[in-house]
file final_25.tsv (TSV, C-alpha atoms)
chain	number	residue	atom	x	y	z
A	1	MET	CA	120.84	36.11	-29.89
A	2	SER	CA	122.41	37.92	-26.95
A	3	CYS	CA	123.25	41.58	-26.44
A	4	SER	CA	126.70	41.88	-24.96
A	5	LYS	CA	128.59	44.97	-23.80
A	6	ARG	CA	131.30	42.77	-22.32
A	7	SER	CA	132.64	39.36	-23.21
A	8	THR	CA	131.49	37.09	-20.38
A	9	PRO	CA	130.83	33.65	-21.89
A	10	LEU	CA	128.06	31.51	-20.45
A	11	ARG	CA	129.40	28.09	-19.69
A	12	ARG	CA	127.92	24.72	-18.92
A	13	ARG	CA	128.94	22.07	-16.43
A	14	THR	CA	132.10	21.12	-18.34
A	15	ASN	CA	135.05	23.32	-19.24
A	16	ALA	CA	134.28	23.43	-22.96
A	17	PRO	CA	134.70	26.98	-24.30
A	18	LYS	CA	131.46	28.75	-25.19
A	19	PRO	CA	131.19	30.02	-28.77
A	20	SER	CA	130.74	33.74	-29.18
A	21	GLN	CA	127.13	34.82	-29.66
A	22	LYS	CA	125.91	37.28	-32.26
A	23	SER	CA	125.19	40.54	-30.51
A	24	LEU	CA	122.92	43.50	-31.08
A	25	CYS	CA	123.93	46.25	-28.62
A	26	LEU	CA	121.32	48.82	-27.77
A	27	ASP	CA	122.14	51.12	-24.86
A	28	ASP	CA	118.52	51.49	-23.80
A	29	LEU	CA	117.65	47.79	-24.02
A	30	GLY	CA	116.57	46.19	-20.76
A	31	CYS	CA	114.86	43.07	-19.48
A	32	GLU	CA	111.10	42.95	-19.95
A	33	LYS	CA	110.73	41.08	-16.66
A	34	CYS	CA	112.89	43.04	-14.20
A	35	GLY	CA	113.38	46.27	-16.15
A	36	SER	CA	117.15	46.25	-15.57
A	37	ASP	CA	119.81	46.67	-18.25
A	38	GLU	CA	122.45	45.02	-16.05
A	39	SER	CA	124.04	41.64	-16.92
A	40	PRO	CA	123.90	42.33	-20.68
A	41	ALA	CA	125.83	39.13	-21.47
A	42	GLU	CA	122.86	37.20	-20.08
A	43	LEU	CA	120.22	39.13	-21.98
A	44	LEU	CA	118.35	37.29	-24.74
A	45	LEU	CA	116.66	39.08	-27.62
A	46	CYS	CA	113.52	37.58	-29.09
A	47	ASP	CA	113.99	36.77	-32.78
A	48	LYS	CA	110.45	38.01	-33.49
A	49	CYS	CA	109.87	41.16	-31.42
A	50	ASP	CA	113.48	42.02	-30.38
A	51	LYS	CA	112.46	42.42	-26.72
A	52	GLY	CA	115.06	41.41	-24.16
A	53	TYR	CA	114.88	38.93	-21.29
A	54	HIS	CA	117.53	37.88	-18.80
A	55	LEU	CA	118.20	34.14	-18.82
A	56	PHE	CA	117.60	34.08	-15.06
A	57	CYS	CA	114.35	36.06	-15.29
A	58	LEU	CA	112.70	33.54	-17.58
A	59	ARG	CA	110.50	30.79	-16.12
A	60	PRO	CA	111.84	28.16	-16.19
A	61	ILE	CA	115.30	29.74	-15.98
A	62	LEU	CA	117.48	29.15	-19.04
A	63	PRO	CA	120.98	27.96	-18.06
A	64	SER	CA	122.62	29.13	-21.29
A	65	VAL	CA	121.96	30.97	-24.54
A	66	PRO	CA	119.97	28.62	-26.78
A	67	LYS	CA	121.34	27.66	-30.17
A	68	GLY	CA	119.36	28.93	-33.13
A	69	SER	CA	116.21	31.03	-32.98
A	70	TRP	CA	114.61	31.91	-29.67
A	71	PHE	CA	111.17	33.40	-29.07
A	72	CYS	CA	110.01	35.18	-25.93
A	73	PRO	CA	106.99	34.05	-23.84
A	74	SER	CA	104.69	36.48	-25.67
A	75	CYS	CA	105.73	35.27	-29.13
A	76	SER	CA	105.96	31.57	-28.36
A	77	ASN	CA	102.85	29.39	-28.23
A	78	SER	CA	104.56	26.63	-26.23
A	79	THR	CA	106.30	28.52	-23.44
A	80	ASN	CA	105.51	27.42	-19.86
A	81	LYS	CA	102.74	25.03	-20.89
A	82	ILE	CA	102.33	22.07	-18.59
A	83	PRO	CA	103.54	19.00	-20.52
A	84	ILE	CA	101.03	16.38	-21.57
A	85	SER	CA	101.12	13.46	-19.13
A	86	PHE	CA	102.18	10.08	-20.43
A	87	PRO	CA	99.30	7.58	-20.41
A	88	LEU	CA	99.08	5.66	-17.14
A	89	VAL	CA	98.75	2.39	-19.05
A	90	GLN	CA	100.95	-0.53	-18.06
A	91	THR	CA	101.47	-1.88	-21.60
A	92	LYS	CA	102.51	1.53	-22.91
A	93	ILE	CA	104.97	2.06	-20.05
A	94	ILE	CA	106.41	-1.45	-20.53
A	95	ASP	CA	106.97	-0.70	-24.22
A	96	PHE	CA	108.40	2.80	-23.55
A	97	PHE	CA	111.03	1.55	-21.10
A	98	LYS	CA	111.49	-1.82	-22.83
A	99	ILE	CA	110.89	-3.61	-19.53
A	100	GLN	CA	112.00	-7.23	-19.54
A	101	ARG	CA	109.36	-9.71	-18.44
A	102	SER	CA	111.45	-12.84	-18.22
A	103	PHE	CA	110.01	-15.57	-16.02
A	104	ASP	CA	113.45	-17.12	-15.85
A	105	ALA	CA	115.02	-14.07	-14.21
A	106	PRO	CA	115.65	-14.47	-10.49
A	107	GLU	CA	113.33	-12.40	-8.34
A	108	ILE	CA	114.98	-9.97	-5.93
A	109	SER	CA	112.49	-8.65	-3.40
A	110	ASN	CA	112.56	-5.47	-1.36
A	111	GLN	CA	113.27	-7.65	1.65
A	112	ASP	CA	116.54	-8.73	0.01
A	113	THR	CA	117.61	-5.11	-0.49
A	114	ARG	CA	116.71	-4.28	3.11
A	115	LYS	CA	118.87	-7.18	4.30
A	116	LYS	CA	121.72	-5.76	2.24
A	117	ARG	CA	121.17	-2.38	3.91
A	118	LYS	CA	121.26	-3.98	7.36
A	119	ARG	CA	124.56	-5.67	6.65
A	120	SER	CA	125.98	-2.46	5.28
A	121	SER	CA	124.94	-0.35	8.27
A	122	SER	CA	126.66	-2.75	10.65
A	123	LEU	CA	129.95	-2.05	8.85
A	124	VAL	CA	129.89	1.56	10.01
A	125	VAL	CA	130.17	0.41	13.62
A	126	SER	CA	133.30	-1.57	12.82
A	127	LYS	CA	134.74	1.53	11.07
A	128	LYS	CA	135.21	-0.26	7.78
A	129	ARG	CA	134.64	1.45	4.45
A	130	ARG	CA	130.99	2.33	4.02
A	131	LYS	CA	129.28	0.37	1.25
A	132	LEU	CA	126.93	1.79	-1.33
A	133	LEU	CA	123.29	0.75	-1.00
A	134	PRO	CA	120.77	-0.26	-3.65
A	135	TYR	CA	117.61	1.80	-3.85
A	136	THR	CA	114.43	0.21	-2.50
A	137	PRO	CA	111.59	0.18	-5.07
A	138	THR	CA	108.12	1.18	-3.96
A	139	ASP	CA	106.04	-1.85	-2.95
A	140	ASP	CA	102.82	-0.58	-4.53
A	141	PRO	CA	102.81	-1.48	-8.28
A	142	LYS	CA	100.39	1.40	-9.04
A	143	ARG	CA	102.75	3.95	-7.51
A	144	ARG	CA	105.68	2.49	-9.44
A	145	LEU	CA	103.60	2.90	-12.60
A	146	GLU	CA	102.99	6.55	-11.69
A	147	GLN	CA	106.70	7.09	-11.06
A	148	MET	CA	107.66	5.65	-14.43
A	149	ALA	CA	104.89	7.58	-16.19
A	150	SER	CA	106.27	10.83	-14.74
A	151	LEU	CA	109.70	10.05	-16.21
A	152	ALA	CA	108.14	9.07	-19.55
A	153	THR	CA	106.29	12.43	-19.57
A	154	ALA	CA	109.54	14.37	-19.14
A	155	LEU	CA	111.46	12.32	-21.69
A	156	THR	CA	108.66	12.65	-24.25
A	157	ALA	CA	108.39	16.42	-23.70
A	158	THR	CA	112.14	16.84	-24.26
A	159	LYS	CA	112.17	14.43	-27.23
A	160	THR	CA	114.60	12.13	-25.46
A	161	LYS	CA	114.72	8.34	-25.77
A	162	PHE	CA	115.03	6.32	-22.59
A	163	SER	CA	118.41	4.71	-22.00
A	164	ASN	CA	119.92	3.44	-18.77
A	165	GLN	CA	123.48	2.99	-20.01
A	166	LEU	CA	126.23	4.88	-21.74
A	167	THR	CA	125.84	4.80	-25.52
A	168	TYR	CA	128.54	4.95	-28.18
A	169	MET	CA	127.30	6.31	-31.48
A	170	PRO	CA	128.99	6.50	-34.90
A	171	ARG	CA	131.14	9.61	-35.44
A	172	MET	CA	131.40	10.13	-31.68
A	173	ALA	CA	133.89	8.78	-29.18
A	174	PRO	CA	134.38	5.00	-29.44
A	175	ARG	CA	134.06	2.77	-26.41
A	176	SER	CA	137.83	2.19	-26.49
A	177	ALA	CA	138.33	5.89	-25.67
A	178	ASN	CA	136.67	5.43	-22.29
A	179	SER	CA	139.72	4.39	-20.31
A	180	PRO	CA	140.06	5.29	-16.60
A	181	ASP	CA	143.84	5.01	-16.98
A	182	LEU	CA	143.75	8.35	-18.83
A	183	GLU	CA	142.15	10.21	-15.92
A	184	ARG	CA	144.30	13.08	-14.69
A	185	GLY	CA	145.39	12.15	-11.17
A	186	GLY	CA	143.81	8.71	-11.38
A	187	MET	CA	140.25	7.48	-10.82
A	188	GLN	CA	138.92	5.52	-7.85
A	189	THR	CA	137.89	1.96	-8.57
A	190	LEU	CA	134.43	0.78	-7.58
A	191	SER	CA	134.77	-2.22	-5.28
A	192	LYS	CA	133.46	-5.64	-6.24
A	193	GLU	CA	130.61	-5.42	-3.72
A	194	ASP	CA	129.61	-1.92	-4.82
A	195	THR	CA	129.73	-3.06	-8.45
A	196	GLU	CA	127.31	-5.84	-7.57
A	197	THR	CA	125.05	-3.23	-5.95
A	198	LEU	CA	125.17	-1.11	-9.11
A	199	ASN	CA	124.33	-4.14	-11.24
A	200	LEU	CA	121.43	-4.93	-8.90
A	201	CYS	CA	120.02	-1.44	-9.45
A	202	LYS	CA	120.34	-1.90	-13.21
A	203	SER	CA	118.58	-5.28	-13.06
A	204	MET	CA	115.73	-3.88	-10.99
A	205	MET	CA	115.19	-1.07	-13.51
A	206	GLU	CA	115.12	-3.58	-16.36
A	207	ARG	CA	112.27	-5.38	-14.57
A	208	GLY	CA	110.35	-2.16	-14.03
A	209	GLU	CA	111.35	-1.82	-10.38
A	210	CYS	CA	112.35	1.82	-10.61
A	211	PRO	CA	113.83	3.98	-7.84
A	212	PRO	CA	111.24	5.75	-5.64
A	213	LEU	CA	111.37	9.01	-7.59
A	214	LYS	CA	108.95	11.23	-9.48
A	215	VAL	CA	109.64	13.82	-12.16
A	216	VAL	CA	107.52	16.93	-11.63
A	217	PHE	CA	107.19	20.12	-13.64
A	218	ASP	CA	107.93	23.34	-11.78
A	219	PRO	CA	107.13	26.70	-13.44
A	220	ILE	CA	110.46	28.11	-12.19
A	221	GLU	CA	112.84	25.15	-12.32
A	222	GLY	CA	111.24	23.25	-15.19
A	223	PHE	CA	111.40	19.47	-14.88
A	224	THR	CA	112.81	18.40	-11.53
A	225	VAL	CA	112.95	15.20	-9.47
A	226	GLU	CA	111.57	14.52	-6.01
A	227	ALA	CA	111.73	11.52	-3.69
A	228	ASP	CA	108.56	9.42	-3.54
A	229	GLY	CA	109.75	7.55	-0.46
A	230	LEU	CA	112.55	7.53	2.07
A	231	ILE	CA	116.02	7.23	0.53
A	232	ARG	CA	118.91	6.36	2.81
A	233	ASP	CA	122.36	7.92	2.83
A	234	LEU	CA	124.79	6.27	0.33
A	235	THR	CA	121.97	4.90	-1.83
A	236	ILE	CA	122.74	4.67	-5.55
A	237	ILE	CA	120.08	6.88	-7.14
A	238	THR	CA	120.99	6.36	-10.78
A	239	GLU	CA	123.87	6.45	-13.24
A	240	TYR	CA	124.37	9.57	-15.36
A	241	VAL	CA	124.02	8.26	-18.91
A	242	GLY	CA	123.79	9.47	-22.49
A	243	ASP	CA	125.89	9.55	-25.63
A	244	VAL	CA	129.65	9.57	-24.98
A	245	ASP	CA	131.63	12.07	-27.03
A	246	PHE	CA	134.95	13.89	-27.04
A	247	LEU	CA	134.74	17.30	-25.38
A	248	LYS	CA	136.49	18.84	-28.40
A	249	ASN	CA	133.52	17.80	-30.57
A	250	ARG	CA	131.13	19.74	-28.32
A	251	GLU	CA	132.78	23.15	-28.31
A	252	ASN	CA	129.91	24.63	-30.36
A	253	ASP	CA	127.22	22.72	-28.48
A	254	ASP	CA	125.02	24.78	-26.15
A	255	GLY	CA	123.63	21.74	-24.35
A	256	ASP	CA	123.29	22.55	-20.65
A	257	SER	CA	123.27	18.97	-19.40
A	258	MET	CA	126.66	17.67	-20.49
A	259	MET	CA	128.58	15.88	-17.74
A	260	THR	CA	132.30	15.23	-17.51
A	261	LEU	CA	133.08	11.52	-17.86
A	262	LEU	CA	136.86	11.51	-18.35
A	263	SER	CA	139.12	14.42	-17.39
A	264	ALA	CA	142.27	13.39	-19.22
A	265	SER	CA	145.63	15.15	-19.09
A	266	ASP	CA	145.46	15.35	-22.87
A	267	PRO	CA	142.53	17.73	-23.64
A	268	SER	CA	141.88	15.97	-26.94
A	269	ARG	CA	140.97	12.78	-25.06
A	270	MET	CA	138.55	14.31	-22.55
A	271	LEU	CA	135.07	12.77	-22.64
A	272	VAL	CA	131.62	14.08	-21.79
A	273	ILE	CA	128.19	12.46	-21.41
A	274	CYS	CA	125.56	14.09	-23.64
A	275	PRO	CA	122.00	13.23	-22.49
A	276	ASP	CA	120.09	15.30	-25.05
A	277	LYS	CA	119.17	12.33	-27.28
A	278	ARG	CA	119.22	9.33	-24.92
A	279	SER	CA	119.06	9.46	-21.14
A	280	ASN	CA	117.31	8.50	-17.90
A	281	ILE	CA	116.03	10.35	-14.83
A	282	ALA	CA	119.49	11.82	-14.12
A	283	ARG	CA	118.93	14.44	-16.81
A	284	PHE	CA	116.13	16.03	-14.77
A	285	ILE	CA	117.90	16.27	-11.41
A	286	ASN	CA	118.72	19.93	-10.84
A	287	GLY	CA	121.80	21.64	-9.47
A	288	ILE	CA	122.22	23.78	-6.38
A	289	ASN	CA	123.06	27.45	-6.28
A	290	ASN	CA	126.52	27.00	-4.80
A	291	HIS	CA	126.93	30.76	-4.33
A	292	THR	CA	124.58	30.91	-1.34
A	293	PRO	CA	124.44	29.04	2.00
A	294	GLU	CA	120.77	28.25	1.37
A	295	GLY	CA	121.60	26.70	-1.98
A	296	LYS	CA	124.36	24.55	-0.52
A	297	LYS	CA	122.03	23.24	2.18
A	298	LYS	CA	119.71	21.82	-0.51
A	299	GLN	CA	122.35	19.40	-1.79
A	300	ASN	CA	121.38	15.79	-1.02
A	301	LEU	CA	123.24	13.98	-3.80
A	302	LYS	CA	126.82	13.79	-4.98
A	303	CYS	CA	128.10	12.88	-8.42
A	304	VAL	CA	131.07	10.52	-8.26
A	305	ARG	CA	133.05	9.06	-11.15
A	306	PHE	CA	134.35	5.51	-10.77
A	307	ASP	CA	136.42	2.97	-12.67
A	308	VAL	CA	133.88	0.17	-13.12
A	309	ASN	CA	135.44	-2.88	-14.74
A	310	GLY	CA	137.84	-0.75	-16.77
A	311	GLU	CA	135.29	1.86	-17.86
A	312	CYS	CA	134.57	5.35	-16.51
A	313	ARG	CA	131.08	5.69	-15.04
A	314	ALA	CA	129.35	8.59	-13.26
A	315	LEU	CA	126.99	7.75	-10.39
A	316	LEU	CA	124.56	9.94	-8.47
A	317	ILE	CA	124.61	8.88	-4.82
A	318	ALA	CA	122.64	10.15	-1.81
A	319	ASN	CA	124.95	12.00	0.59
A	320	ARG	CA	122.37	12.02	3.40
A	321	ASP	CA	118.93	10.61	4.18
A	322	ILE	CA	116.28	12.04	1.84
A	323	THR	CA	112.65	12.21	2.96
A	324	LYS	CA	109.57	11.68	0.81
A	325	GLY	CA	108.61	14.81	-1.10
A	326	GLU	CA	112.12	16.29	-0.94
A	327	ARG	CA	113.55	17.42	-4.25
A	328	LEU	CA	116.91	16.10	-5.39
A	329	TYR	CA	119.87	18.41	-5.96
A	330	TYR	CA	123.60	18.04	-6.48
A	331	ASN	CA	126.52	20.32	-7.21
A	332	TYR	CA	127.04	20.80	-10.95
A	333	ASN	CA	130.49	22.20	-10.19
A	334	GLY	CA	131.98	19.14	-8.57
A	335	TYR	CA	135.00	19.11	-10.90
A	336	GLU	CA	135.65	22.15	-13.08
A	337	HIS	CA	133.78	24.92	-11.20
A	338	GLU	CA	132.69	26.28	-14.57
A	339	TYR	CA	128.89	26.02	-14.50
A	340	PRO	CA	127.01	29.31	-13.84
A	341	THR	CA	124.70	28.54	-10.91
A	342	GLU	CA	124.42	31.99	-9.31
A	343	HIS	CA	120.82	32.40	-10.52
A	344	PHE	CA	119.62	28.90	-9.62
A	345	VAL	CA	116.67	28.79	-7.23
call {"tool": "encode", "arguments": {"input": "final_25.tsv", "output": "structure tokens"}}
result
Amino acid sequence: MSCSKRSTPLRRRTNAPKPSQKSLCLDDLGCEKCGSDESPAELLLCDKCDKGYHLFCLRPILPSVPKGSWFCPSCSNSTNKIPISFPLVQTKIIDFFKIQRSFDAPEISNQDTRKKRKRSSSLVVSKKRRKLLPYTPTDDPKRRLEQMASLATALTATKTKFSNQLTYMPRMAPRSANSPDLERGGMQTLSKEDTETLNLCKSMMERGECPPLKVVFDPIEGFTVEADGLIRDLTIITEYVGDVDFLKNRENDDGDSMMTLLSASDPSRMLVICPDKRSNIARFINGINNHTPEGKKKQNLKCVRFDVNGECRALLIANRDITKGERLYYNYNGYEHEYPTEHFV
């Protein structure tokens, strides 16, 4: 529950209204971490001991008031524990990600992707539109196994099934609702060549040739993603995927990872991507603090929505070169400017 002396709703990265929280107002209640009684709308009360903690003082930081019961670090047995690593066993990873091992599938080597990069870079000189680039998988099979095991660890810890595509579930938005024609102001169409690049990235992932990324656990940020190799500007990192639903169905949902998919003129037809049940590595890429110059400098990705063959899709794309070991960040407030990022690291 939250103690609120003023009505300042905590919002996520869409413009869905936040439901009012039950409040218990005590004038002398403060945060156990910082000792301050300021920001009461962001103060959580433990359902066991009634002690208060600011969302932004917790480690990892909580982006919003959790739904249901919440227990403080002292009362919870699972808080801040390092997640159990997924077994570094090839057969288990193949089964987890449902990797296709078809001998009939055409092989696409890293050399092929580098050739595509070379052709693309030459287009900049001629001042033509810059093409998107496919990611280059790590050559070392053992390192690729470690990369995929890190993602499997995060997905398992968050009880999320792996999926690399948008999913349409019963009693949610149907596929027919995902129409770019409904986008307010129109939606840019992904070119034929860039669509082929996106499909190439999907095919590589299906064969177990994942992007050069690792999911790591940070005691402050929680799960986060870092580059495990050089990533060039304009490289497709991944697609933001999950269950597609109408925004109106998620008004009482406190999920902090929902992403806008379709911003329609008619609010009843607006769509969001919900990655809490099914998702990929995009769920663990963190947002910048866009209230500080330091936070803005950390941004190395952009989230762009495209019309891809008559369907809205959201892609995470590198907006500059990213070096090995650098963590990935993008701006959660690319569209609605509604997500509270002022306490992000």
call {"tool": "residues_around", "arguments": {"input": "final_25.tsv", "residues": "Leu132 of chain A", "least_positions_apart": "2", "cutoff": "8 Å", "atoms": "all atoms listed in the file", "output": "MDAnalysis selection string"}}
result
chainID A and resid 120 130 134 194 197 234:236
call {"tool": "atom_distance", "arguments": {"input": "final_25.tsv", "atom1": "atom CA of Leu271 of chain A", "atom2": "atom CA of Thr224 of chain A"}}
result
25.5 Å
call {"tool": "closest_residue", "arguments": {"input": "final_25.tsv", "among": "A:Leu58, A:Leu43, A:Ile93, A:Cys34", "to": "Ile220 of chain A", "atoms": "only C-alpha atoms"}}
result
A:Leu58
call {"tool": "closest_residue", "arguments": {"input": "final_25.tsv", "among": "A:Asn309, A:Ser257, A:Ser191, A:Gln90", "to": "Arg129 of chain A", "atoms": "only C-alpha atoms"}}
result
A:Ser191
call {"tool": "closest_atom_pairs", "arguments": {"input": "final_25.tsv", "of": "segment 180-224 of chain A", "to": "segment 143-167 of chain A", "cutoff": "10 Å", "atoms": "only C-alpha atoms", "output": "Markdown table"}}
result
| residue | atom | partner | partner_atom | distance |
| --- | --- | --- | --- | --- |
| A:Lys202 | CA | A:Asn164 | CA | 7.7 |
| A:Met205 | CA | A:Asn164 | CA | 8.4 |
| A:Glu206 | CA | A:Asn164 | CA | 8.8 |
| A:Gly208 | CA | A:Arg144 | CA | 8.0 |
| A:Glu209 | CA | A:Arg144 | CA | 7.2 |
| A:Cys210 | CA | A:Arg144 | CA | 6.8 |
| A:Pro211 | CA | A:Gln147 | CA | 8.4 |
| A:Pro212 | CA | A:Gln147 | CA | 7.2 |
| A:Leu213 | CA | A:Gln147 | CA | 6.1 |
| A:Lys214 | CA | A:Gln147 | CA | 5.0 |
| A:Val215 | CA | A:Ser150 | CA | 5.2 |
| A:Val216 | CA | A:Ser150 | CA | 7.0 |
| A:Phe217 | CA | A:Ala154 | CA | 8.3 |
| A:Gly222 | CA | A:Ala154 | CA | 9.9 |
| A:Phe223 | CA | A:Ala154 | CA | 6.9 |
| A:Thr224 | CA | A:Ala154 | CA | 9.2 |
call {"tool": "write_last_selection", "arguments": {"input": "final_25.tsv", "atoms": "C-alpha atoms", "output": "mmCIF file, keeping the file's coordinate frame"}}
result
data_model
loop_
_atom_site.group_PDB
_atom_site.id
_atom_site.type_symbol
_atom_site.label_atom_id
_atom_site.label_comp_id
_atom_site.auth_asym_id
_atom_site.auth_seq_id
_atom_site.Cartn_x
_atom_site.Cartn_y
_atom_site.Cartn_z
ATOM 1 C CA LYS A 202 120.340 -1.900 -13.210
ATOM 2 C CA MET A 205 115.190 -1.070 -13.510
ATOM 3 C CA GLU A 206 115.120 -3.580 -16.360
ATOM 4 C CA GLY A 208 110.350 -2.160 -14.030
ATOM 5 C CA GLU A 209 111.350 -1.820 -10.380
ATOM 6 C CA CYS A 210 112.350 1.820 -10.610
ATOM 7 C CA PRO A 211 113.830 3.980 -7.840
ATOM 8 C CA PRO A 212 111.240 5.750 -5.640
ATOM 9 C CA LEU A 213 111.370 9.010 -7.590
ATOM 10 C CA LYS A 214 108.950 11.230 -9.480
ATOM 11 C CA VAL A 215 109.640 13.820 -12.160
ATOM 12 C CA VAL A 216 107.520 16.930 -11.630
ATOM 13 C CA PHE A 217 107.190 20.120 -13.640
ATOM 14 C CA GLY A 222 111.240 23.250 -15.190
ATOM 15 C CA PHE A 223 111.400 19.470 -14.880
ATOM 16 C CA THR A 224 112.810 18.400 -11.530
#
call {"tool": "decode", "arguments": {"input": "final_25.tsv", "residues": "segment 196-218 of chain A", "atoms": "N, CA and C atoms", "output": "mmCIF file, in the first residue's frame"}}
result
data_model
loop_
_atom_site.group_PDB
_atom_site.id
_atom_site.type_symbol
_atom_site.label_atom_id
_atom_site.label_comp_id
_atom_site.auth_asym_id
_atom_site.auth_seq_id
_atom_site.Cartn_x
_atom_site.Cartn_y
_atom_site.Cartn_z
ATOM 1 N N GLU A 196 13.783 -7.099 -44.711
ATOM 2 C CA GLU A 196 14.628 -8.278 -44.908
ATOM 3 C C GLU A 196 15.686 -8.380 -43.811
ATOM 4 N N THR A 197 16.225 -7.235 -43.394
ATOM 5 C CA THR A 197 17.206 -7.227 -42.309
ATOM 6 C C THR A 197 16.568 -7.692 -41.005
ATOM 7 N N LEU A 198 15.353 -7.221 -40.730
ATOM 8 C CA LEU A 198 14.637 -7.658 -39.532
ATOM 9 C C LEU A 198 14.384 -9.160 -39.576
ATOM 10 N N ASN A 199 13.951 -9.662 -40.716
ATOM 11 C CA ASN A 199 13.700 -11.094 -40.857
ATOM 12 C C ASN A 199 14.981 -11.903 -40.684
ATOM 13 N N LEU A 200 16.110 -11.344 -41.147
ATOM 14 C CA LEU A 200 17.394 -12.010 -40.967
ATOM 15 C C LEU A 200 17.720 -12.144 -39.484
ATOM 16 N N CYS A 201 17.488 -11.074 -38.724
ATOM 17 C CA CYS A 201 17.736 -11.125 -37.281
ATOM 18 C C CYS A 201 16.857 -12.179 -36.614
ATOM 19 N N LYS A 202 15.606 -12.257 -37.039
ATOM 20 C CA LYS A 202 14.696 -13.265 -36.487
ATOM 21 C C LYS A 202 15.188 -14.676 -36.805
ATOM 22 N N SER A 203 15.627 -14.885 -38.044
ATOM 23 C CA SER A 203 16.107 -16.206 -38.457
ATOM 24 C C SER A 203 17.353 -16.614 -37.688
ATOM 25 N N MET A 204 18.252 -15.654 -37.477
ATOM 26 C CA MET A 204 19.469 -15.963 -36.716
ATOM 27 C C MET A 204 19.118 -16.385 -35.297
ATOM 28 N N MET A 205 18.170 -15.701 -34.664
ATOM 29 C CA MET A 205 17.780 -16.040 -33.303
ATOM 30 C C MET A 205 17.160 -17.426 -33.243
ATOM 31 N N GLU A 206 16.392 -17.783 -34.266
ATOM 32 C CA GLU A 206 15.779 -19.108 -34.308
ATOM 33 C C GLU A 206 16.824 -20.216 -34.389
ATOM 34 N N ARG A 207 17.987 -19.896 -34.962
ATOM 35 C CA ARG A 207 19.066 -20.876 -35.066
ATOM 36 C C ARG A 207 20.026 -20.820 -33.873
ATOM 37 N N GLY A 208 19.714 -19.970 -32.907
ATOM 38 C CA GLY A 208 20.576 -19.862 -31.743
ATOM 39 C C GLY A 208 21.709 -18.881 -31.921
ATOM 40 N N GLU A 209 21.664 -18.091 -32.997
ATOM 41 C CA GLU A 209 22.682 -17.065 -33.219
ATOM 42 C C GLU A 209 22.138 -15.750 -32.665
ATOM 43 N N CYS A 210 22.296 -15.598 -31.355
ATOM 44 C CA CYS A 210 21.698 -14.474 -30.648
ATOM 45 C C CYS A 210 22.534 -13.208 -30.816
ATOM 46 N N PRO A 211 21.946 -12.038 -30.518
ATOM 47 C CA PRO A 211 22.736 -10.806 -30.561
ATOM 48 C C PRO A 211 23.802 -10.826 -29.478
ATOM 49 N N PRO A 212 24.910 -10.107 -29.664
ATOM 50 C CA PRO A 212 26.007 -10.125 -28.687
ATOM 51 C C PRO A 212 25.664 -9.328 -27.432
ATOM 52 N N LEU A 213 24.790 -9.888 -26.619
ATOM 53 C CA LEU A 213 24.297 -9.213 -25.414
ATOM 54 C C LEU A 213 24.295 -10.178 -24.239
ATOM 55 N N LYS A 214 24.447 -9.633 -23.044
ATOM 56 C CA LYS A 214 24.336 -10.412 -21.818
ATOM 57 C C LYS A 214 23.395 -9.710 -20.850
ATOM 58 N N VAL A 215 22.569 -10.502 -20.160
ATOM 59 C CA VAL A 215 21.730 -9.965 -19.095
ATOM 60 C C VAL A 215 22.481 -10.156 -17.780
ATOM 61 N N VAL A 216 22.677 -9.073 -17.049
ATOM 62 C CA VAL A 216 23.373 -9.140 -15.769
ATOM 63 C C VAL A 216 22.457 -8.620 -14.673
ATOM 64 N N PHE A 217 22.731 -9.031 -13.443
ATOM 65 C CA PHE A 217 21.915 -8.582 -12.314
ATOM 66 C C PHE A 217 22.686 -7.540 -11.529
ATOM 67 N N ASP A 218 22.104 -6.352 -11.429
ATOM 68 C CA ASP A 218 22.707 -5.246 -10.703
ATOM 69 C C ASP A 218 21.902 -5.007 -9.427
#
